[in-house]
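Student: Once you've had a glance at the structure underneath, I'll fire off some questions.
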Amino acid sequence: MNEGVQVLLNYMLSENVMLVSFFGVTLLLTETEGARAAMKGGLVFATAVLVSTLVGTLLATALPGGEVIEMLAFLVVSLLAVSAIRAGGRLTGERLGLPAPLYALPLLVGSQALLTQASLDFPLTFAAAVGVGLGVYIVYVLSTSMFEQIRLTETRSVVKGVPALIIALGILGFALMGFQLL
Amino acid sequence: MNLSSTFEKALILGAYPLLALTVTAYEATAATAIVIIAAVLAWLTTLWLRSLIPEPLRWLVVVAVSAAIALGGGLLAPFLFPLSTAITTRLAVAGITPIVFIACVTDERETRGGIVPTFISFVVVMLVAGLLREALGNGTLFLRQITASGTAVAGIMGTPTGAFLFLGATMIVARLAARRLVADDTAGEAHTLQRGKR
């Protein structure tokens with residue numbers, strides 16, 4: 001298999017930033033729009049993650065000064081990405097008493113840190129960033145669909161909602177980790 | 001009694017983003033310490049800046065402060081705990097987990113009623129998750145072997161996604177406990193009322 005395709009599949013499945021690295025979990029648990037709306041909303045988040053991951057990783061590689069400058073670059077890129085998402089009408093208002101954009105920061109910063117740590121060359125970084133973006137989209141759409149289904153299901157209130165979603169995401173995470181054999 | 005929601009808030013906002021890196025008890029302790037220090041200092045910064053900087057800019061400053069503290073903590077942690085160097089980058093992200101920002105919420109009701117139980121729940125969950133996942137997933141406790149053959153009892157718990165199952169189950173137990181407490185309170189009140197009537 002082509003190395004670029006392998007890297008793309010790895011970051012999309014077995015090293016998925018949402019379920020395997022956990023960086024996107026806060027976003028999954030707070031952005032619970034319906035499945036149909038998630039098809040469009042997921043595209044916005046996935047594009048933002050793809051672009052910010054690519055830009056942040058390249059910036060971190062190009063800038064001298066070590067981890068402090070890297071972290072600063074990640075933060076600036078992430079805040080710009082959040083502003084772009086907000087301009088598109090997403091991440092507005094509050095979730096659980098906090099501004100919604102804060103929930104996207106672990107995903108955006110974490111993705112950049114993960115790829116910088118991998119120290120890939122440019123073509124592979126690009127493939128990895130595309131893999132991260134696709135992984136975010138797939139998991140976001142699946143997660144919102146599952147949550148919608150869980151909400152409609154008749155079951156005990158103790159299990160209904162977030163606990164059922166979390167266990168379902170765990171099982172989905174195991175399935176994704178299984179692709180490490182690629 | 002609002003135990004369930006406070007507990008769930010601590011899980012959702014604090015524990016989940018950090019669970020990928022807290023497979024051992026040492027990692028859990030390091031991550032918890034960094035988050036708490038970052039939260040307290042970011043909260044103090046917010047208090048200090050409340051009258052000086054308008055709302056949207058204040059959040060930017062808080063994000064920068066907490067990220068800087070977590071980065072410093074992430075770089076220092078391997079000198080204090082036996083951690084792998086690969087974990088430092090992930091620990092640096094600890095400062096931007098949303099639980100840090102709970103401390104900075106300006107809502108007075110939130111600050112008085114929610115912050116202490118939320119942080120206590122967060123610390124307990126992180127430490128228990130670290131201990132249990134290390135014991136079940138790696139067969140060690142604080143890096144000391146505890147199983148006779150050195151094999152893991154449930155290797156699945158040592159993986160990041162194993163934490164999903166652990167916390168899903170924890171959340172269900174918390175909801176059951178909260179429901180039982182409410183039922184006990186209601187039964188107690190009904191009993192008192194009946195005695196009063198007699």
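How things are named: the first chain in the structure tokens is A, the next is B, and so on; residues count from 1 in each chain; ligands count from 1 in the order shown.
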Give me, as JSON lines, the closest atom pair and its distance (Å, one decimal) for every residue of chain B within a cut-off of 6 Å of chain A, counting only C-alpha atoms, rows sorted by chain and rising number.

Tutor:
```
{"residue": "B:Pro17", "atom": "CA", "partner": "A:Phe22", "partner_atom": "CA", "distance": 5.5}
{"residue": "B:Ala20", "atom": "CA", "partner": "A:Ser21", "partner_atom": "CA", "distance": 5.6}
{"residue": "B:Thr161", "atom": "CA", "partner": "A:Gly170", "partner_atom": "CA", "distance": 5.4}
{"residue": "B:Phe164", "atom": "CA", "partner": "A:Gly170", "partner_atom": "CA", "distance": 4.8}
{"residue": "B:Leu165", "atom": "CA", "partner": "A:Ile167", "partner_atom": "CA", "distance": 5.3}
{"residue": "B:Gly168", "atom": "CA", "partner": "A:Pro163", "partner_atom": "CA", "distance": 4.9}
{"residue": "B:Ile172", "atom": "CA", "partner": "A:Val158", "partner_atom": "CA", "distance": 6.0}
{"residue": "B:Arg175", "atom": "CA", "partner": "A:Val158", "partner_atom": "CA", "distance": 5.8}
```

Student: I need the residues from that last selection saved to file as a tab-separated table (two decimals), in the first residue's frame (with N, CA and C atoms), if you can.

Tutor:
```
chain	number	residue	atom	x	y	z
B	17	PRO	N	-11.21	14.51	28.13
B	17	PRO	CA	-10.12	14.95	27.27
B	17	PRO	C	-8.75	14.44	27.74
B	20	ALA	N	-6.93	9.75	27.48
B	20	ALA	CA	-6.01	9.06	26.57
B	20	ALA	C	-4.61	8.96	27.16
B	161	THR	N	-9.44	3.85	24.54
B	161	THR	CA	-10.88	3.69	24.38
B	161	THR	C	-11.51	2.87	25.50
B	164	PHE	N	-13.59	4.82	27.87
B	164	PHE	CA	-14.99	5.12	27.55
B	164	PHE	C	-15.92	4.19	28.33
B	165	LEU	N	-15.57	2.89	28.30
B	165	LEU	CA	-16.42	1.90	28.98
B	165	LEU	C	-16.40	2.15	30.48
B	168	GLY	N	-18.43	5.35	31.15
B	168	GLY	CA	-19.85	5.12	30.87
B	168	GLY	C	-20.50	4.39	32.03
B	172	ILE	N	-23.35	5.67	34.89
B	172	ILE	CA	-24.60	4.94	35.19
B	172	ILE	C	-24.70	4.71	36.70
B	175	ARG	N	-25.65	7.89	38.41
B	175	ARG	CA	-27.08	8.21	38.24
B	175	ARG	C	-27.95	7.34	39.15
```

Student: Among region 11-160 of chain A, which ones does DSSP assign to alpha helix (DSSP H) (computed from the backbone)? Answer as a PyMOL selection string.

Tutor: chain A and resi 25-30+35-62+66-87+105-118+122-152

Student: Keeping only C-alpha atoms, write those residues as a short mmCIF file (atom, residue, chain, number, x, y, z; two decimals), in the first residue's frame.

Tutor:
```
data_model
loop_
_atom_site.label_atom_id
_atom_site.label_comp_id
_atom_site.auth_asym_id
_atom_site.auth_seq_id
_atom_site.Cartn_x
_atom_site.Cartn_y
_atom_site.Cartn_z
CA VAL A 25 -14.71 14.10 22.96
CA THR A 26 -15.87 17.39 24.48
CA LEU A 27 -17.10 18.50 21.08
CA LEU A 28 -18.95 15.21 20.53
CA LEU A 29 -20.69 15.43 23.89
CA THR A 30 -21.73 19.07 23.64
CA ALA A 35 -28.13 13.60 12.27
CA ARG A 36 -29.23 15.51 9.17
CA ALA A 37 -27.75 18.81 10.38
CA ALA A 38 -24.56 16.98 11.39
CA MET A 39 -23.85 16.09 7.77
CA LYS A 40 -23.32 19.81 7.11
CA GLY A 41 -21.96 20.76 10.54
CA GLY A 42 -19.45 17.94 10.43
CA LEU A 43 -18.07 19.32 7.17
CA VAL A 44 -17.42 22.69 8.83
CA PHE A 45 -15.60 21.10 11.79
CA ALA A 46 -13.67 18.65 9.60
CA THR A 47 -12.50 21.41 7.24
CA ALA A 48 -11.46 23.61 10.16
CA VAL A 49 -9.52 20.74 11.74
CA LEU A 50 -7.88 19.78 8.43
CA VAL A 51 -6.72 23.32 7.63
CA SER A 52 -5.64 24.17 11.19
CA THR A 53 -3.76 20.88 11.58
CA LEU A 54 -1.90 21.41 8.33
CA VAL A 55 -1.09 25.08 8.99
CA GLY A 56 -0.20 24.53 12.66
CA THR A 57 2.06 21.56 11.97
CA LEU A 58 3.89 23.36 9.16
CA LEU A 59 4.26 26.50 11.31
CA ALA A 60 5.62 24.48 14.23
CA THR A 61 8.15 22.82 11.94
CA ALA A 62 9.23 26.10 10.37
CA GLY A 66 11.06 24.86 20.79
CA GLU A 67 7.87 23.77 22.47
CA VAL A 68 6.77 27.14 23.88
CA ILE A 69 6.68 28.76 20.42
CA GLU A 70 5.04 25.62 19.03
CA MET A 71 2.27 25.79 21.64
CA LEU A 72 1.75 29.50 20.94
CA ALA A 73 1.47 28.77 17.21
CA PHE A 74 -1.05 26.00 17.89
CA LEU A 75 -3.14 28.31 20.05
CA VAL A 76 -3.14 31.17 17.53
CA VAL A 77 -4.06 28.84 14.66
CA SER A 78 -6.78 27.20 16.79
CA LEU A 79 -8.30 30.53 17.79
CA LEU A 80 -8.37 31.60 14.13
CA ALA A 81 -10.04 28.29 13.22
CA VAL A 82 -12.62 28.78 15.98
CA SER A 83 -13.32 32.31 14.68
CA ALA A 84 -13.85 30.86 11.19
CA ILE A 85 -16.23 28.21 12.55
CA ARG A 86 -18.17 30.88 14.46
CA ALA A 87 -18.37 33.00 11.32
CA LEU A 105 -9.94 23.91 21.47
CA PRO A 106 -8.70 20.49 22.75
CA LEU A 107 -9.50 18.98 19.34
CA LEU A 108 -7.81 21.74 17.34
CA VAL A 109 -4.69 22.09 19.51
CA GLY A 110 -4.43 18.34 20.14
CA SER A 111 -4.52 17.45 16.42
CA GLN A 112 -1.69 19.87 15.69
CA ALA A 113 0.39 18.60 18.63
CA LEU A 114 -0.19 14.99 17.57
CA LEU A 115 1.00 15.56 14.01
CA THR A 116 3.95 17.72 15.04
CA GLN A 117 5.07 14.94 17.39
CA ALA A 118 4.91 12.46 14.49
CA PHE A 122 5.24 17.55 3.92
CA PRO A 123 3.43 15.04 1.64
CA LEU A 124 2.82 12.69 4.57
CA THR A 125 1.77 15.59 6.83
CA PHE A 126 -0.78 16.55 4.19
CA ALA A 127 -2.05 12.95 3.99
CA ALA A 128 -2.22 12.78 7.79
CA ALA A 129 -4.13 16.10 8.00
CA VAL A 130 -6.65 14.84 5.43
CA GLY A 131 -6.96 11.62 7.47
CA VAL A 132 -7.56 13.63 10.67
CA GLY A 133 -10.24 15.74 8.92
CA LEU A 134 -12.00 12.68 7.47
CA GLY A 135 -11.81 10.93 10.84
CA VAL A 136 -13.42 13.93 12.55
CA TYR A 137 -16.23 14.03 9.95
CA ILE A 138 -17.03 10.31 10.13
CA VAL A 139 -17.06 10.16 13.92
CA TYR A 140 -19.02 13.42 14.27
CA VAL A 141 -21.78 12.24 11.93
CA LEU A 142 -21.87 8.75 13.47
CA SER A 143 -21.93 10.15 17.00
CA THR A 144 -24.77 12.62 16.37
CA SER A 145 -26.76 9.90 14.58
CA MET A 146 -26.27 7.54 17.50
CA PHE A 147 -27.28 10.24 19.99
CA GLU A 148 -30.45 10.99 18.02
CA GLN A 149 -31.30 7.29 17.99
CA ILE A 150 -30.60 6.97 21.72
CA ARG A 151 -32.89 9.93 22.44
CA LEU A 152 -35.74 8.25 20.55
#
```

Student: Select from chain B everything DSSP, run on the backbone, classes as strand (DSSP E), then give the selection as a list in words.

Tutor: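 Secondary structure check on chain B, strand (DSSP E): Thr140, Leu141, Arg144 and Gln145 of chain B.
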
Student: Just the residues within 10 Å of Ala174 (chain B), please, counting only C-alpha atoms, with nothing from its chain fewer than 2 positions along; format it as a compact mmCIF listing (two decimals) with all heavy atoms, in the first residue's frame.

Tutor:
```txt
# COMPACT_ATOMS: atom_id res chain seq x y z
N VAL A 158 -31.72 6.07 33.49
CA VAL A 158 -30.37 5.96 34.05
C VAL A 158 -29.33 5.75 32.93
O VAL A 158 -28.21 6.26 32.99
CB VAL A 158 -30.32 4.77 35.04
CG1 VAL A 158 -28.91 4.48 35.48
CG2 VAL A 158 -31.18 5.06 36.24
N LEU B 3 -26.38 15.56 42.49
CA LEU B 3 -25.10 14.86 42.41
C LEU B 3 -24.79 14.41 40.99
O LEU B 3 -23.70 14.60 40.48
CB LEU B 3 -25.14 13.64 43.33
CG LEU B 3 -23.98 12.66 43.23
CD1 LEU B 3 -22.74 13.29 43.82
CD2 LEU B 3 -24.29 11.37 43.96
N SER B 4 -25.82 13.85 40.34
CA SER B 4 -25.60 13.29 39.02
C SER B 4 -25.07 14.33 38.03
O SER B 4 -24.11 14.09 37.32
CB SER B 4 -26.90 12.69 38.49
OG SER B 4 -26.67 12.16 37.23
N SER B 5 -25.67 15.51 37.98
CA SER B 5 -25.26 16.49 36.98
C SER B 5 -23.87 17.05 37.28
O SER B 5 -23.08 17.28 36.37
CB SER B 5 -26.28 17.61 36.88
OG SER B 5 -26.28 18.35 38.06
N PHE B 7 -21.47 15.52 38.85
CA PHE B 7 -20.54 14.44 38.55
C PHE B 7 -20.34 14.29 37.05
O PHE B 7 -19.22 14.18 36.55
CB PHE B 7 -21.11 13.14 39.15
CG PHE B 7 -20.13 12.01 39.17
CD1 PHE B 7 -19.12 11.99 40.10
CD2 PHE B 7 -20.22 10.98 38.27
CE1 PHE B 7 -18.21 10.95 40.14
CE2 PHE B 7 -19.32 9.93 38.29
CZ PHE B 7 -18.31 9.92 39.23
N GLU B 8 -21.44 14.33 36.31
CA GLU B 8 -21.36 14.20 34.85
C GLU B 8 -20.62 15.36 34.23
O GLU B 8 -19.88 15.21 33.26
CB GLU B 8 -22.77 14.07 34.26
CG GLU B 8 -23.37 12.71 34.52
CD GLU B 8 -24.77 12.55 34.00
OE1 GLU B 8 -25.21 13.38 33.20
OE2 GLU B 8 -25.42 11.58 34.41
N GLY B 168 -18.43 5.35 31.15
CA GLY B 168 -19.85 5.12 30.87
C GLY B 168 -20.50 4.39 32.03
O GLY B 168 -21.57 4.77 32.52
N ALA B 169 -19.80 3.35 32.50
CA ALA B 169 -20.30 2.57 33.64
C ALA B 169 -20.34 3.43 34.90
O ALA B 169 -21.30 3.38 35.68
CB ALA B 169 -19.42 1.35 33.86
N THR B 170 -19.30 4.26 35.10
CA THR B 170 -19.24 5.15 36.27
C THR B 170 -20.44 6.11 36.28
O THR B 170 -21.05 6.36 37.33
CB THR B 170 -17.94 5.97 36.26
OG1 THR B 170 -16.86 5.08 36.05
CG2 THR B 170 -17.72 6.71 37.55
N MET B 171 -20.75 6.62 35.09
CA MET B 171 -21.85 7.58 34.99
C MET B 171 -23.19 6.91 35.33
O MET B 171 -24.03 7.51 36.01
CB MET B 171 -21.89 8.15 33.58
CG MET B 171 -22.62 9.45 33.47
SD MET B 171 -22.51 10.13 31.82
CE MET B 171 -21.01 11.06 31.93
N ILE B 172 -23.35 5.67 34.89
CA ILE B 172 -24.60 4.94 35.19
C ILE B 172 -24.70 4.71 36.70
O ILE B 172 -25.76 4.93 37.30
CB ILE B 172 -24.65 3.60 34.41
CG1 ILE B 172 -24.81 3.89 32.92
CG2 ILE B 172 -25.80 2.73 34.90
CD1 ILE B 172 -24.65 2.69 32.03
N LEU B 176 -27.58 6.06 39.25
CA LEU B 176 -28.33 5.16 40.14
C LEU B 176 -28.23 5.63 41.58
O LEU B 176 -29.21 5.64 42.32
CB LEU B 176 -27.80 3.73 40.01
CG LEU B 176 -28.24 2.95 38.77
CD1 LEU B 176 -27.45 1.66 38.65
CD2 LEU B 176 -29.73 2.65 38.83
N ALA B 177 -27.01 6.04 41.98
CA ALA B 177 -26.79 6.51 43.35
C ALA B 177 -27.60 7.77 43.61
O ALA B 177 -28.23 7.91 44.67
CB ALA B 177 -25.31 6.77 43.58
N ALA B 178 -27.60 8.70 42.64
CA ALA B 178 -28.33 9.95 42.79
C ALA B 178 -29.83 9.67 42.91
O ALA B 178 -30.52 10.26 43.73
CB ALA B 178 -28.06 10.85 41.60
N ARG B 179 -30.30 8.74 42.08
CA ARG B 179 -31.72 8.39 42.11
C ARG B 179 -32.09 7.79 43.47
O ARG B 179 -33.13 8.09 44.04
CB ARG B 179 -32.01 7.38 41.00
CG ARG B 179 -33.46 7.00 40.92
CD ARG B 179 -33.67 5.93 39.91
NE ARG B 179 -33.90 6.48 38.60
CZ ARG B 179 -34.34 5.76 37.58
NH1 ARG B 179 -34.52 4.47 37.72
NH2 ARG B 179 -34.56 6.32 36.42
N ARG B 180 -31.21 6.94 44.00
CA ARG B 180 -31.46 6.31 45.30
C ARG B 180 -31.48 7.35 46.42
O ARG B 180 -32.31 7.30 47.32
CB ARG B 180 -30.37 5.28 45.55
CG ARG B 180 -30.65 4.46 46.76
CD ARG B 180 -29.77 3.25 46.83
NE ARG B 180 -30.18 2.42 47.93
CZ ARG B 180 -29.87 1.17 48.07
NH1 ARG B 180 -29.15 0.59 47.17
NH2 ARG B 180 -30.26 0.48 49.11
```

Student: Could you give me, as a PyMOL selection string, the residues within 10 Å of Thr32 (chain B), counting only C-alpha atoms and dropping anything in the same chain fewer than 2 positions from it?

Tutor: chain B and resi 14-15+18+22+26-30+34-38+91+94+119+122-127

Student: Those same residues - N, CA and C atoms - I'd like them written as a CSV table (one decimal), in the first residue's frame.

Tutor:
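Final output, selection02.csv:
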```csv
chain,number,residue,atom,x,y,z
B,14,GLY,N,-13.9,17.5,32.2
B,14,GLY,CA,-12.5,17.3,32.7
B,14,GLY,C,-11.9,16.0,32.4
B,15,ALA,N,-12.6,14.9,32.7
B,15,ALA,CA,-11.9,13.6,32.6
B,15,ALA,C,-11.7,13.1,31.2
B,18,LEU,N,-8.7,14.0,29.0
B,18,LEU,CA,-7.4,13.6,29.6
B,18,LEU,C,-7.2,12.1,29.6
B,22,THR,N,-3.9,9.0,30.6
B,22,THR,CA,-3.8,8.6,32.0
B,22,THR,C,-4.0,7.1,32.2
B,26,TYR,N,0.6,7.2,37.9
B,26,TYR,CA,1.5,8.3,37.8
B,26,TYR,C,1.0,9.4,36.8
B,27,GLU,N,0.6,8.8,35.6
B,27,GLU,CA,0.1,9.8,34.6
B,27,GLU,C,-1.2,10.5,35.0
B,28,ALA,N,-2.0,9.7,35.7
B,28,ALA,CA,-3.3,10.3,36.2
B,28,ALA,C,-3.0,11.4,37.2
B,29,THR,N,-2.0,11.2,38.1
B,29,THR,CA,-1.7,12.1,39.1
B,29,THR,C,-1.1,13.4,38.5
B,30,ALA,N,-0.2,13.2,37.5
B,30,ALA,CA,0.5,14.3,36.9
B,30,ALA,C,-0.6,15.2,36.1
B,34,ILE,N,-1.7,19.1,37.1
B,34,ILE,CA,-1.5,20.2,36.1
B,34,ILE,C,-2.8,20.9,35.9
B,35,VAL,N,-3.9,20.1,35.7
B,35,VAL,CA,-5.2,20.8,35.5
B,35,VAL,C,-5.6,21.6,36.7
B,36,ILE,N,-5.5,21.1,37.9
B,36,ILE,CA,-5.9,21.9,39.0
B,36,ILE,C,-5.1,23.2,39.2
B,37,ILE,N,-3.8,23.1,39.0
B,37,ILE,CA,-2.9,24.3,39.1
B,37,ILE,C,-3.3,25.3,38.0
B,38,ALA,N,-3.5,24.8,36.8
B,38,ALA,CA,-3.8,25.7,35.7
B,38,ALA,C,-5.2,26.3,36.0
B,91,LEU,N,0.3,16.3,27.8
B,91,LEU,CA,0.0,17.0,29.1
B,91,LEU,C,-0.1,18.5,28.9
B,94,ALA,N,-3.5,19.6,28.5
B,94,ALA,CA,-4.4,19.5,29.7
B,94,ALA,C,-4.9,20.9,30.1
B,119,PHE,N,-14.8,19.9,41.0
B,119,PHE,CA,-13.3,19.6,41.0
B,119,PHE,C,-13.0,18.4,41.8
B,122,PHE,N,-13.9,15.5,39.8
B,122,PHE,CA,-12.8,15.3,38.7
B,122,PHE,C,-11.6,14.6,39.3
B,123,VAL,N,-11.1,15.1,40.4
B,123,VAL,CA,-9.9,14.5,41.0
B,123,VAL,C,-10.1,13.0,41.4
B,124,VAL,N,-11.2,12.8,42.0
B,124,VAL,CA,-11.5,11.4,42.4
B,124,VAL,C,-11.6,10.5,41.2
B,125,VAL,N,-12.3,10.9,40.1
B,125,VAL,CA,-12.5,10.1,38.9
B,125,VAL,C,-11.1,9.9,38.3
B,126,MET,N,-10.4,10.9,38.1
B,126,MET,CA,-9.1,10.8,37.4
B,126,MET,C,-8.2,9.8,38.2
B,127,LEU,N,-8.1,9.9,39.5
B,127,LEU,CA,-7.2,9.0,40.3
B,127,LEU,C,-7.7,7.6,40.3
```

Student: Considering only C-alpha atoms, can you say which of A:Leu120, A:Thr32, A:Gly93, A:Val17 comes closest to Glu3 (chain A)?

Tutor: A:Leu120

Student: Excluding Glu134 (chain B) and residues on its chain fewer than 4 positions from it, collect all residues at most 8 Å away from it, counting only C-alpha atoms, and give them as an MDAnalysis selection string.

Tutor: chainID B and resid 23:25 130 138:142 157:158

Student: With C-alpha atoms retained, could you export that selection as a PDB file, in the first residue's frame?

Tutor:
```
ATOM      1  CA  VAL B  23      -3.337   4.880  31.607  1.00  0.00           C
ATOM      2  CA  THR B  24      -1.165   4.650  34.738  1.00  0.00           C
ATOM      3  CA  ALA B  25      -1.597   6.063  38.240  1.00  0.00           C
ATOM      4  CA  GLY B 130      -5.708   5.809  36.655  1.00  0.00           C
ATOM      5  CA  ASN B 138      -1.146  -3.344  32.662  1.00  0.00           C
ATOM      6  CA  GLY B 139      -1.146  -5.631  35.718  1.00  0.00           C
ATOM      7  CA  THR B 140       0.870  -3.026  37.657  1.00  0.00           C
ATOM      8  CA  LEU B 141       0.224  -0.393  40.331  1.00  0.00           C
ATOM      9  CA  PHE B 142       2.514   2.658  40.405  1.00  0.00           C
ATOM     10  CA  MET B 157      -8.773  -1.204  29.977  1.00  0.00           C
ATOM     11  CA  GLY B 158      -5.218  -0.072  29.303  1.00  0.00           C
TER      12      GLY B 158
END
```
